[in-house]
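Student: Got a structure for you, questions after.
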Amino acid sequence: MLIRTKRDWELPESAATPESVYINRRALMAGAGAIAGGLALGGAARAADAPVGAPAGAPVAAPARNPAYTLDRPVTPEAAATSYNNFYEFGTSKDVVTAAQKMPLRPWTLRIDGMVEKPLTLGVDDLLKAMPVEERLYRHRCVEAWAMAVPWMGFPLAKLVAFAKPLSSATYVELQTFGRDTYAAPGLRQPFYPWPYVEGLTMAEATNDLAFISTGLYGKPLQGQNGAPLRLTLPWKYGFKSVKSIVRISFTDKKPKTFWALLNADEYGFWANVNPAVPHPRWSQAHERLLGSNESVPTQIFNGYGAQVAGLYKGLEKEALFM
Ligand code: MTE
């Protein structure tokens with residue numbers, strides 16, 4: 001992504017699910033209680049039971065592909081999607097694989113708090129067992145003007161929101177990556193950045209069916225570099241909105257102060273909807289380079305997902321389509 005030139009830092013270069021499978025919150029609460037009691041929850045689940053709980057990178061029984069989410073371009077080679085990454089907690093280069101794979105993925109807990117009926121901390125495997133995992137093919141567009149097409153595994157963010165039981169007064173969702181108190185990744189030593197990495201969405205965006213929590217890609221559990229074990233995926237927004245390795249989801253009535261907007265809101269604002277007509281201050285967004293083939297193709301408004309999301313921004317076009 002990008003970067004302000006005058007600084008010594010740089011930004012990254014550059015469905016519905018049947019109610020019958022709906023979340024059993026009481027079962028998860030039982031798991032959360034076990035955490036509170038000090039039990040070590042969340043050892044790797046058997047692949048046959050819970051693909052997303054298998055070791056990172058290991059092939060698992062892939063969940064059914066949701067036919068509503070297909071592509072108009074070839075899937076990016078897996079080697080590119082899993083080796084050319086932005087994950088500033090592990091450094092500002094694209095080569096973070098070695099460092100990110102050192103991060104322990106279990107035990108891993110998710111904190112749900114803020115404007116909810118009852119705050120909760122639960123182990124990731126307890127959450128994953130209850131979520132309706134599926135596969136979706138999504139385009140992925142970085143603000144740096146490169147793009148991928150990825151088969152993700154995971155579940156709709158709307159399912160997690162429903163599970164969290166937010167108060168009706170909550171208007172935003174804030175999602176946060178681990179900080180130094182959880183895992184001392186090398187990039188977190190760089191004091192210039194406003195750690196921890198936080199991203200935010202309106203409730204309407206978070207409950208749009210496209211908003212997805214990824215737990216795997218290419219039929220395998222997520223690896224550290226792609227944001228294991230839980231990572232947001234918002235295909236109609238620039239990639240920096242897709243916060244990795246989530247440890248906390250909070251509900252609020254205040255617009256979240258997001259990581260990149262704190263650094264430079266003109267270049268990386270809260271909305272960050274893909275728009276070929278609005279150049280980044282330092283480069284055009286009219287085209288994008290496909291990782292793998294290097295082909296340059298025209299960028300599409302909302303990254304091609306306008307039919308699903310344009311309605312979210314009715315009356316907000318003046319702000320939501322700029323940055
Ligand atoms: N999440 C965290 N915590 N830290 C980051 O540096 N980079 C973002 C996003 N999520 C980032 C992050 C950016 S700029 C992009 S383009 C995508 O992750 C990259 O995801 P990928 O490496 O899986 O392609």
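As shown in the structure tokens, the chain order sets the letters A, B, ...; within each chain, residues go from 1, and ligands are also counted from 1 in the order they appear.
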Give as JSON, numbers by chain the residues surrounding ligand 1 up to a distance of 9 Å, considering only C-alpha atoms and all ligand atoms.
Tutor: {"A": [1, 2, 11, 12, 13, 80, 81, 82, 83, 84, 85, 86, 87, 88, 89, 90, 91, 92, 94, 140, 141, 142, 143, 144, 146, 147, 148, 176, 177, 178, 196, 197, 198, 199, 225, 226, 227, 231, 232, 233, 238, 239, 240, 241, 242, 243, 244, 245, 246, 259, 260]}
Student: Write a file of the selected residues as a compact mmCIF listing (two decimals), in the first residue's frame, keeping N, CA and C atoms.
Tutor:
# COMPACT_ATOMS: atom_id res chain seq x y z
N MET A 1 0.80 -1.16 0.00
CA MET A 1 0.00 0.00 0.00
C MET A 1 0.83 1.20 0.00
N LEU A 2 0.94 1.98 0.41
CA LEU A 2 1.33 3.22 0.22
C LEU A 2 1.97 4.26 0.88
N LEU A 11 3.55 2.90 3.58
CA LEU A 11 2.38 2.05 3.66
C LEU A 11 2.63 0.91 2.71
N PRO A 12 1.81 -0.07 2.76
CA PRO A 12 1.98 -1.16 1.84
C PRO A 12 2.19 -0.60 0.44
N GLU A 13 3.21 -1.00 -0.25
CA GLU A 13 3.59 -0.56 -1.61
C GLU A 13 2.31 -0.40 -2.41
N ALA A 80 1.21 -17.10 -5.15
CA ALA A 80 1.27 -15.63 -5.11
C ALA A 80 0.44 -15.10 -3.94
N ALA A 81 -0.75 -15.65 -3.77
CA ALA A 81 -1.64 -15.13 -2.72
C ALA A 81 -1.10 -15.41 -1.32
N THR A 82 -0.26 -16.43 -1.21
CA THR A 82 0.24 -16.79 0.13
C THR A 82 1.70 -16.36 0.35
N SER A 83 2.24 -15.59 -0.59
CA SER A 83 3.64 -15.16 -0.39
C SER A 83 3.86 -13.68 -0.65
N TYR A 84 2.87 -12.99 -1.21
CA TYR A 84 2.99 -11.55 -1.48
C TYR A 84 1.94 -10.88 -0.61
N ASN A 85 2.36 -10.44 0.56
CA ASN A 85 1.38 -10.04 1.57
C ASN A 85 1.68 -8.70 2.21
N ASN A 86 0.63 -8.06 2.66
CA ASN A 86 0.76 -6.89 3.53
C ASN A 86 0.35 -7.30 4.93
N PHE A 87 1.27 -7.20 5.87
CA PHE A 87 0.95 -7.51 7.27
C PHE A 87 2.00 -6.76 8.09
N TYR A 88 1.72 -5.48 8.34
CA TYR A 88 2.70 -4.58 8.94
C TYR A 88 3.17 -5.00 10.33
N GLU A 89 2.36 -5.79 11.02
CA GLU A 89 2.81 -6.27 12.32
C GLU A 89 4.08 -7.12 12.18
N PHE A 90 4.31 -7.63 10.97
CA PHE A 90 5.50 -8.46 10.73
C PHE A 90 6.51 -7.76 9.84
N GLY A 91 6.29 -6.50 9.54
CA GLY A 91 7.24 -5.75 8.72
C GLY A 91 6.55 -5.10 7.55
N THR A 92 7.26 -4.15 6.95
CA THR A 92 6.63 -3.36 5.89
C THR A 92 6.91 -3.91 4.49
N LYS A 94 6.71 -7.01 1.52
CA LYS A 94 5.68 -7.97 1.13
C LYS A 94 6.06 -9.39 1.57
N HIS A 140 -10.04 -9.33 -4.86
CA HIS A 140 -9.37 -8.67 -3.72
C HIS A 140 -8.52 -7.56 -4.33
N ARG A 141 -8.80 -6.31 -3.98
CA ARG A 141 -8.16 -5.16 -4.63
C ARG A 141 -7.42 -4.33 -3.59
N CYS A 142 -6.10 -4.31 -3.68
CA CYS A 142 -5.32 -3.49 -2.75
C CYS A 142 -5.33 -2.05 -3.24
N VAL A 143 -5.27 -1.12 -2.32
CA VAL A 143 -5.21 0.31 -2.66
C VAL A 143 -3.94 0.62 -3.45
N GLU A 144 -2.95 -0.28 -3.38
CA GLU A 144 -1.71 -0.09 -4.14
C GLU A 144 -1.87 -0.42 -5.61
N TRP A 146 -2.75 -3.42 -7.04
CA TRP A 146 -2.63 -4.81 -7.47
C TRP A 146 -3.87 -5.55 -7.00
N ALA A 147 -4.14 -6.66 -7.66
CA ALA A 147 -5.39 -7.37 -7.36
C ALA A 147 -5.19 -8.88 -7.44
N MET A 148 -6.05 -9.60 -6.75
CA MET A 148 -6.03 -11.06 -6.77
C MET A 148 -7.46 -11.56 -6.90
N GLN A 176 -10.31 -5.66 15.58
CA GLN A 176 -8.93 -5.36 15.99
C GLN A 176 -8.01 -6.57 15.88
N THR A 177 -6.81 -6.30 15.38
CA THR A 177 -5.75 -7.31 15.34
C THR A 177 -5.07 -7.39 16.71
N PHE A 178 -4.34 -8.47 16.96
CA PHE A 178 -3.60 -8.61 18.21
C PHE A 178 -2.61 -7.46 18.40
N PRO A 196 -2.98 -1.02 18.27
CA PRO A 196 -3.15 -2.14 17.36
C PRO A 196 -3.91 -1.72 16.09
N TYR A 197 -3.77 -2.56 15.06
CA TYR A 197 -4.46 -2.34 13.79
C TYR A 197 -5.96 -2.50 14.03
N VAL A 198 -6.71 -1.46 13.72
CA VAL A 198 -8.16 -1.46 13.94
C VAL A 198 -8.84 -1.11 12.63
N GLU A 199 -9.91 -1.78 12.34
CA GLU A 199 -10.75 -1.39 11.20
C GLU A 199 -12.19 -1.31 11.65
N GLN A 225 0.51 -15.42 7.49
CA GLN A 225 0.69 -14.25 6.61
C GLN A 225 -0.62 -13.74 6.01
N ASN A 226 -1.62 -14.60 5.90
CA ASN A 226 -2.91 -14.16 5.35
C ASN A 226 -3.91 -13.78 6.45
N GLY A 227 -3.46 -13.81 7.71
CA GLY A 227 -4.34 -13.31 8.77
C GLY A 227 -5.01 -14.37 9.62
N ARG A 231 -9.93 -13.55 9.79
CA ARG A 231 -9.55 -12.36 9.05
C ARG A 231 -10.79 -11.85 8.31
N LEU A 232 -10.97 -10.55 8.36
CA LEU A 232 -12.09 -9.94 7.66
C LEU A 232 -11.79 -9.91 6.15
N THR A 233 -12.82 -10.09 5.33
CA THR A 233 -12.66 -9.99 3.87
C THR A 233 -13.83 -9.19 3.32
N TYR A 238 -11.05 -1.38 -0.57
CA TYR A 238 -9.60 -1.58 -0.67
C TYR A 238 -9.15 -2.53 0.46
N GLY A 239 -8.12 -3.30 0.13
CA GLY A 239 -7.70 -4.40 1.00
C GLY A 239 -7.33 -4.01 2.41
N PHE A 240 -6.94 -2.74 2.64
CA PHE A 240 -6.51 -2.40 4.01
C PHE A 240 -7.65 -2.46 5.00
N LYS A 241 -8.92 -2.50 4.50
CA LYS A 241 -10.06 -2.64 5.43
C LYS A 241 -10.15 -4.07 5.99
N SER A 242 -9.51 -5.02 5.28
CA SER A 242 -9.66 -6.43 5.63
C SER A 242 -8.67 -6.81 6.73
N VAL A 243 -9.00 -6.46 7.94
CA VAL A 243 -8.10 -6.61 9.08
C VAL A 243 -7.82 -8.10 9.37
N LYS A 244 -6.55 -8.36 9.66
CA LYS A 244 -6.08 -9.75 9.84
C LYS A 244 -6.02 -10.15 11.32
N SER A 245 -5.95 -11.44 11.54
CA SER A 245 -5.66 -12.03 12.87
C SER A 245 -6.43 -11.30 13.98
N ILE A 246 -7.74 -11.39 13.88
CA ILE A 246 -8.64 -10.61 14.75
C ILE A 246 -8.72 -11.22 16.16
N PHE A 259 -6.78 2.37 11.75
CA PHE A 259 -5.31 2.40 11.72
C PHE A 259 -4.78 3.34 10.64
N TRP A 260 -5.17 3.09 9.38
CA TRP A 260 -4.61 3.88 8.29
C TRP A 260 -5.16 5.30 8.27
Student: Taking only C-alpha atoms into account, produce a table as CSV in which each residue of stretch 161-231 of chain A with an atom at most 12 Å from an atom of stretch 127-138 of chain A appears once, together with its shortest atom pair and the distance in Å to one decimal, ordered by chain and rising number.
Tutor:
residue,atom,partner,partner_atom,distance
A:Val161,CA,A:Met131,CA,11.6
A:Ala162,CA,A:Met131,CA,11.2
A:Phe163,CA,A:Leu127,CA,9.6
A:Ala164,CA,A:Leu127,CA,11.1
A:Asp209,CA,A:Arg136,CA,11.6
A:Leu210,CA,A:Tyr138,CA,9.3
A:Ala211,CA,A:Tyr138,CA,10.8
A:Phe212,CA,A:Arg136,CA,9.3
A:Ile213,CA,A:Val133,CA,9.6
A:Ser214,CA,A:Val133,CA,9.2
A:Thr215,CA,A:Leu128,CA,8.6
A:Gly216,CA,A:Glu135,CA,8.7
A:Leu217,CA,A:Glu135,CA,8.3
A:Tyr218,CA,A:Glu135,CA,9.0
A:Gly219,CA,A:Glu135,CA,8.2
A:Lys220,CA,A:Glu135,CA,10.8
A:Pro221,CA,A:Leu128,CA,11.7
A:Pro229,CA,A:Leu128,CA,9.8
A:Leu230,CA,A:Leu128,CA,9.5
Student: Could you list, with a cut-off of 12 Å and counting only C-alpha atoms, the residues of stretch 151-193 of chain A near stretch 69-74 of chain A, each shown with its nearest atom pair and the distance in Å rounded to one decimal, rows sorted by chain and ascending number, as a tab-separated table?
Tutor:
residue	atom	partner	partner_atom	distance
A:Pro151	CA	A:Thr70	CA	9.2
A:Trp152	CA	A:Tyr69	CA	10.4
A:Met153	CA	A:Tyr69	CA	11.8
Student: Can you tell me, as a PyMOL selection string, what residues are no more than 12 Å from A:Ser250 when counting only C-alpha atoms, ignoring any on the same chain fewer than 5 positions away?
Tutor: chain A and resi 110-121+160-161+164-167+170-177+198-203+206+255-256
Student: Go ahead and write the residues just picked, C-alpha atoms, as an mmCIF file, in the first residue's frame.
Tutor:
data_model
loop_
_atom_site.group_PDB
_atom_site.id
_atom_site.type_symbol
_atom_site.label_atom_id
_atom_site.label_comp_id
_atom_site.auth_asym_id
_atom_site.auth_seq_id
_atom_site.Cartn_x
_atom_site.Cartn_y
_atom_site.Cartn_z
ATOM 1 C CA LEU A 110 -11.902 -13.619 20.435
ATOM 2 C CA ARG A 111 -13.259 -10.888 22.684
ATOM 3 C CA ILE A 112 -16.757 -9.583 21.899
ATOM 4 C CA ASP A 113 -17.596 -6.378 23.742
ATOM 5 C CA GLY A 114 -18.857 -2.797 23.638
ATOM 6 C CA MET A 115 -22.572 -2.260 23.017
ATOM 7 C CA VAL A 116 -23.674 -5.889 23.311
ATOM 8 C CA GLU A 117 -26.135 -7.609 25.599
ATOM 9 C CA LYS A 118 -23.298 -9.441 27.304
ATOM 10 C CA PRO A 119 -19.532 -9.188 26.652
ATOM 11 C CA LEU A 120 -17.887 -12.509 25.970
ATOM 12 C CA THR A 121 -14.473 -14.092 25.374
ATOM 13 C CA LEU A 160 -20.909 -13.343 14.000
ATOM 14 C CA VAL A 161 -22.799 -10.068 14.489
ATOM 15 C CA ALA A 164 -22.713 -11.157 19.454
ATOM 16 C CA LYS A 165 -26.203 -9.730 20.101
ATOM 17 C CA PRO A 166 -25.410 -6.031 19.685
ATOM 18 C CA LEU A 167 -27.725 -3.432 21.231
ATOM 19 C CA ALA A 170 -24.877 0.239 18.108
ATOM 20 C CA THR A 171 -24.141 1.795 14.725
ATOM 21 C CA TYR A 172 -20.578 0.614 14.024
ATOM 22 C CA VAL A 173 -18.479 -2.525 14.371
ATOM 23 C CA GLU A 174 -14.793 -2.250 15.180
ATOM 24 C CA LEU A 175 -12.420 -5.179 14.549
ATOM 25 C CA GLN A 176 -8.933 -5.360 15.985
ATOM 26 C CA THR A 177 -5.749 -7.311 15.338
ATOM 27 C CA VAL A 198 -8.162 -1.464 13.935
ATOM 28 C CA GLU A 199 -10.748 -1.386 11.197
ATOM 29 C CA GLY A 200 -14.400 -0.466 11.258
ATOM 30 C CA LEU A 201 -17.669 -0.785 9.381
ATOM 31 C CA THR A 202 -21.162 0.549 9.735
ATOM 32 C CA MET A 203 -23.633 -2.025 10.999
ATOM 33 C CA ALA A 206 -21.123 -5.504 8.514
ATOM 34 C CA LYS A 255 -17.170 6.023 14.117
ATOM 35 C CA PRO A 256 -14.058 3.865 14.736
#
Student: Give me, as JSON, numbers by chain, the residues of stretch 70-313 of chain A that a backbone DSSP run labels strand (DSSP E or B).
Tutor: {"A": [109, 110, 111, 112, 113, 114, 116, 120, 121, 122, 123, 134, 135, 136, 137, 138, 139, 140, 141, 146, 147, 148, 149, 150, 151, 152, 153, 154, 155, 156, 166, 172, 173, 174, 175, 176, 177, 198, 199, 200, 201, 202, 212, 213, 214, 215, 216, 217, 220, 221, 231, 232, 233, 237, 246, 247, 248, 249, 250, 251, 252, 273, 280, 283, 287, 288, 289, 290, 296, 297, 298]}
Student: Under the rule that only C-alpha atoms are counted, which of A:Glu267, A:Glu205, A:Asp253, A:Glu288 is the nearest residue to A:Gly311?
Tutor: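 Of the candidates, the smallest distance to A:Gly311 is held by A:Glu205.
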Student: Give the answer as one residue: which of A:Thr207, A:Asn66, A:Gln308, A:Gln300 has the shortest atom-to-atom distance to A:Ala158, using only C-alpha atoms?
Tutor: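 The answer is A:Thr207, which sits nearest to A:Ala158.
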Student: To test your reading of the structure, identify every residue in stretch 158-310 of chain A that backbone DSSP assigns to alpha helix (DSSP H), and report it as a list in words.
Tutor: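 Listing alpha helix (DSSP H) positions across stretch 158-310 of chain A yields Ala158, Lys159, Leu160, Val161, Ala162, Phe163, Ala164, Met203, Ala204, Glu205, Ala206, Phe259, Trp260, Ala261, Leu262, Leu263, Asn264, Gly306, Ala307, Gln308 and Val309 of chain A.
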Student: Those same residues - N, CA, C and O atoms - I'd like them written as an mmCIF file, in the first residue's frame.
Tutor:
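Produced file part32.cif, reproduced below:
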data_model
loop_
_atom_site.group_PDB
_atom_site.id
_atom_site.type_symbol
_atom_site.label_atom_id
_atom_site.label_comp_id
_atom_site.auth_asym_id
_atom_site.auth_seq_id
_atom_site.Cartn_x
_atom_site.Cartn_y
_atom_site.Cartn_z
ATOM 1 N N ALA A 158 -22.130 -11.337 9.156
ATOM 2 C CA ALA A 158 -23.473 -11.162 9.732
ATOM 3 C C ALA A 158 -23.788 -12.252 10.762
ATOM 4 O O ALA A 158 -24.513 -12.000 11.728
ATOM 5 N N LYS A 159 -23.254 -13.453 10.554
ATOM 6 C CA LYS A 159 -23.509 -14.534 11.513
ATOM 7 C C LYS A 159 -22.820 -14.244 12.848
ATOM 8 O O LYS A 159 -23.354 -14.535 13.914
ATOM 9 N N LEU A 160 -21.620 -13.690 12.768
ATOM 10 C CA LEU A 160 -20.909 -13.343 14.000
ATOM 11 C C LEU A 160 -21.604 -12.168 14.699
ATOM 12 O O LEU A 160 -21.724 -12.143 15.929
ATOM 13 N N VAL A 161 -22.077 -11.211 13.910
ATOM 14 C CA VAL A 161 -22.799 -10.068 14.489
ATOM 15 C C VAL A 161 -24.045 -10.579 15.215
ATOM 16 O O VAL A 161 -24.329 -10.191 16.354
ATOM 17 N N ALA A 162 -24.789 -11.472 14.587
ATOM 18 C CA ALA A 162 -26.014 -11.989 15.223
ATOM 19 C C ALA A 162 -25.668 -12.713 16.522
ATOM 20 O O ALA A 162 -26.338 -12.563 17.544
ATOM 21 N N PHE A 163 -24.592 -13.469 16.480
ATOM 22 C CA PHE A 163 -24.159 -14.195 17.671
ATOM 23 C C PHE A 163 -23.795 -13.239 18.808
ATOM 24 O O PHE A 163 -24.072 -13.487 19.978
ATOM 25 N N ALA A 164 -23.188 -12.104 18.447
ATOM 26 C CA ALA A 164 -22.713 -11.157 19.454
ATOM 27 C C ALA A 164 -23.855 -10.418 20.141
ATOM 28 O O ALA A 164 -23.672 -9.848 21.209
ATOM 29 N N MET A 203 -22.893 -0.771 10.771
ATOM 30 C CA MET A 203 -23.633 -2.025 10.999
ATOM 31 C C MET A 203 -24.244 -2.520 9.697
ATOM 32 O O MET A 203 -24.312 -3.729 9.458
ATOM 33 N N ALA A 204 -24.684 -1.581 8.847
ATOM 34 C CA ALA A 204 -25.285 -2.003 7.571
ATOM 35 C C ALA A 204 -24.236 -2.705 6.703
ATOM 36 O O ALA A 204 -24.536 -3.706 6.040
ATOM 37 N N GLU A 205 -23.010 -2.189 6.707
ATOM 38 C CA GLU A 205 -21.950 -2.846 5.935
ATOM 39 C C GLU A 205 -21.627 -4.223 6.534
ATOM 40 O O GLU A 205 -21.460 -5.209 5.810
ATOM 41 N N ALA A 206 -21.532 -4.252 7.852
ATOM 42 C CA ALA A 206 -21.123 -5.504 8.514
ATOM 43 C C ALA A 206 -22.147 -6.611 8.315
ATOM 44 O O ALA A 206 -21.801 -7.792 8.353
ATOM 45 N N PHE A 259 -6.784 2.366 11.754
ATOM 46 C CA PHE A 259 -5.309 2.403 11.721
ATOM 47 C C PHE A 259 -4.778 3.339 10.637
ATOM 48 O O PHE A 259 -4.020 4.273 10.914
ATOM 49 N N TRP A 260 -5.173 3.091 9.382
ATOM 50 C CA TRP A 260 -4.612 3.885 8.293
ATOM 51 C C TRP A 260 -5.163 5.296 8.269
ATOM 52 O O TRP A 260 -4.465 6.245 7.910
ATOM 53 N N ALA A 261 -6.417 5.472 8.673
ATOM 54 C CA ALA A 261 -6.976 6.824 8.692
ATOM 55 C C ALA A 261 -6.275 7.668 9.755
ATOM 56 O O ALA A 261 -6.090 8.875 9.582
ATOM 57 N N LEU A 262 -5.843 7.047 10.835
ATOM 58 C CA LEU A 262 -5.087 7.791 11.849
ATOM 59 C C LEU A 262 -3.760 8.283 11.262
ATOM 60 O O LEU A 262 -3.264 9.343 11.601
ATOM 61 N N LEU A 263 -3.196 7.505 10.361
ATOM 62 C CA LEU A 263 -1.925 7.890 9.740
ATOM 63 C C LEU A 263 -2.118 8.918 8.640
ATOM 64 O O LEU A 263 -1.346 9.857 8.514
ATOM 65 N N ASN A 264 -3.134 8.707 7.815
ATOM 66 C CA ASN A 264 -3.331 9.607 6.682
ATOM 67 C C ASN A 264 -4.732 9.406 6.099
ATOM 68 O O ASN A 264 -4.931 8.602 5.182
ATOM 69 N N GLY A 306 -21.081 -3.693 -7.119
ATOM 70 C CA GLY A 306 -22.068 -2.618 -6.944
ATOM 71 C C GLY A 306 -23.486 -3.135 -6.740
ATOM 72 O O GLY A 306 -24.250 -2.562 -5.960
ATOM 73 N N ALA A 307 -23.842 -4.199 -7.434
ATOM 74 C CA ALA A 307 -25.220 -4.697 -7.312
ATOM 75 C C ALA A 307 -25.524 -5.070 -5.866
ATOM 76 O O ALA A 307 -26.641 -4.903 -5.384
ATOM 77 N N GLN A 308 -24.510 -5.561 -5.162
ATOM 78 C CA GLN A 308 -24.731 -5.987 -3.774
ATOM 79 C C GLN A 308 -24.598 -4.841 -2.764
ATOM 80 O O GLN A 308 -25.208 -4.898 -1.708
ATOM 81 N N VAL A 309 -23.766 -3.841 -3.073
ATOM 82 C CA VAL A 309 -23.455 -2.873 -2.004
ATOM 83 C C VAL A 309 -23.771 -1.414 -2.304
ATOM 84 O O VAL A 309 -23.776 -0.597 -1.369
#
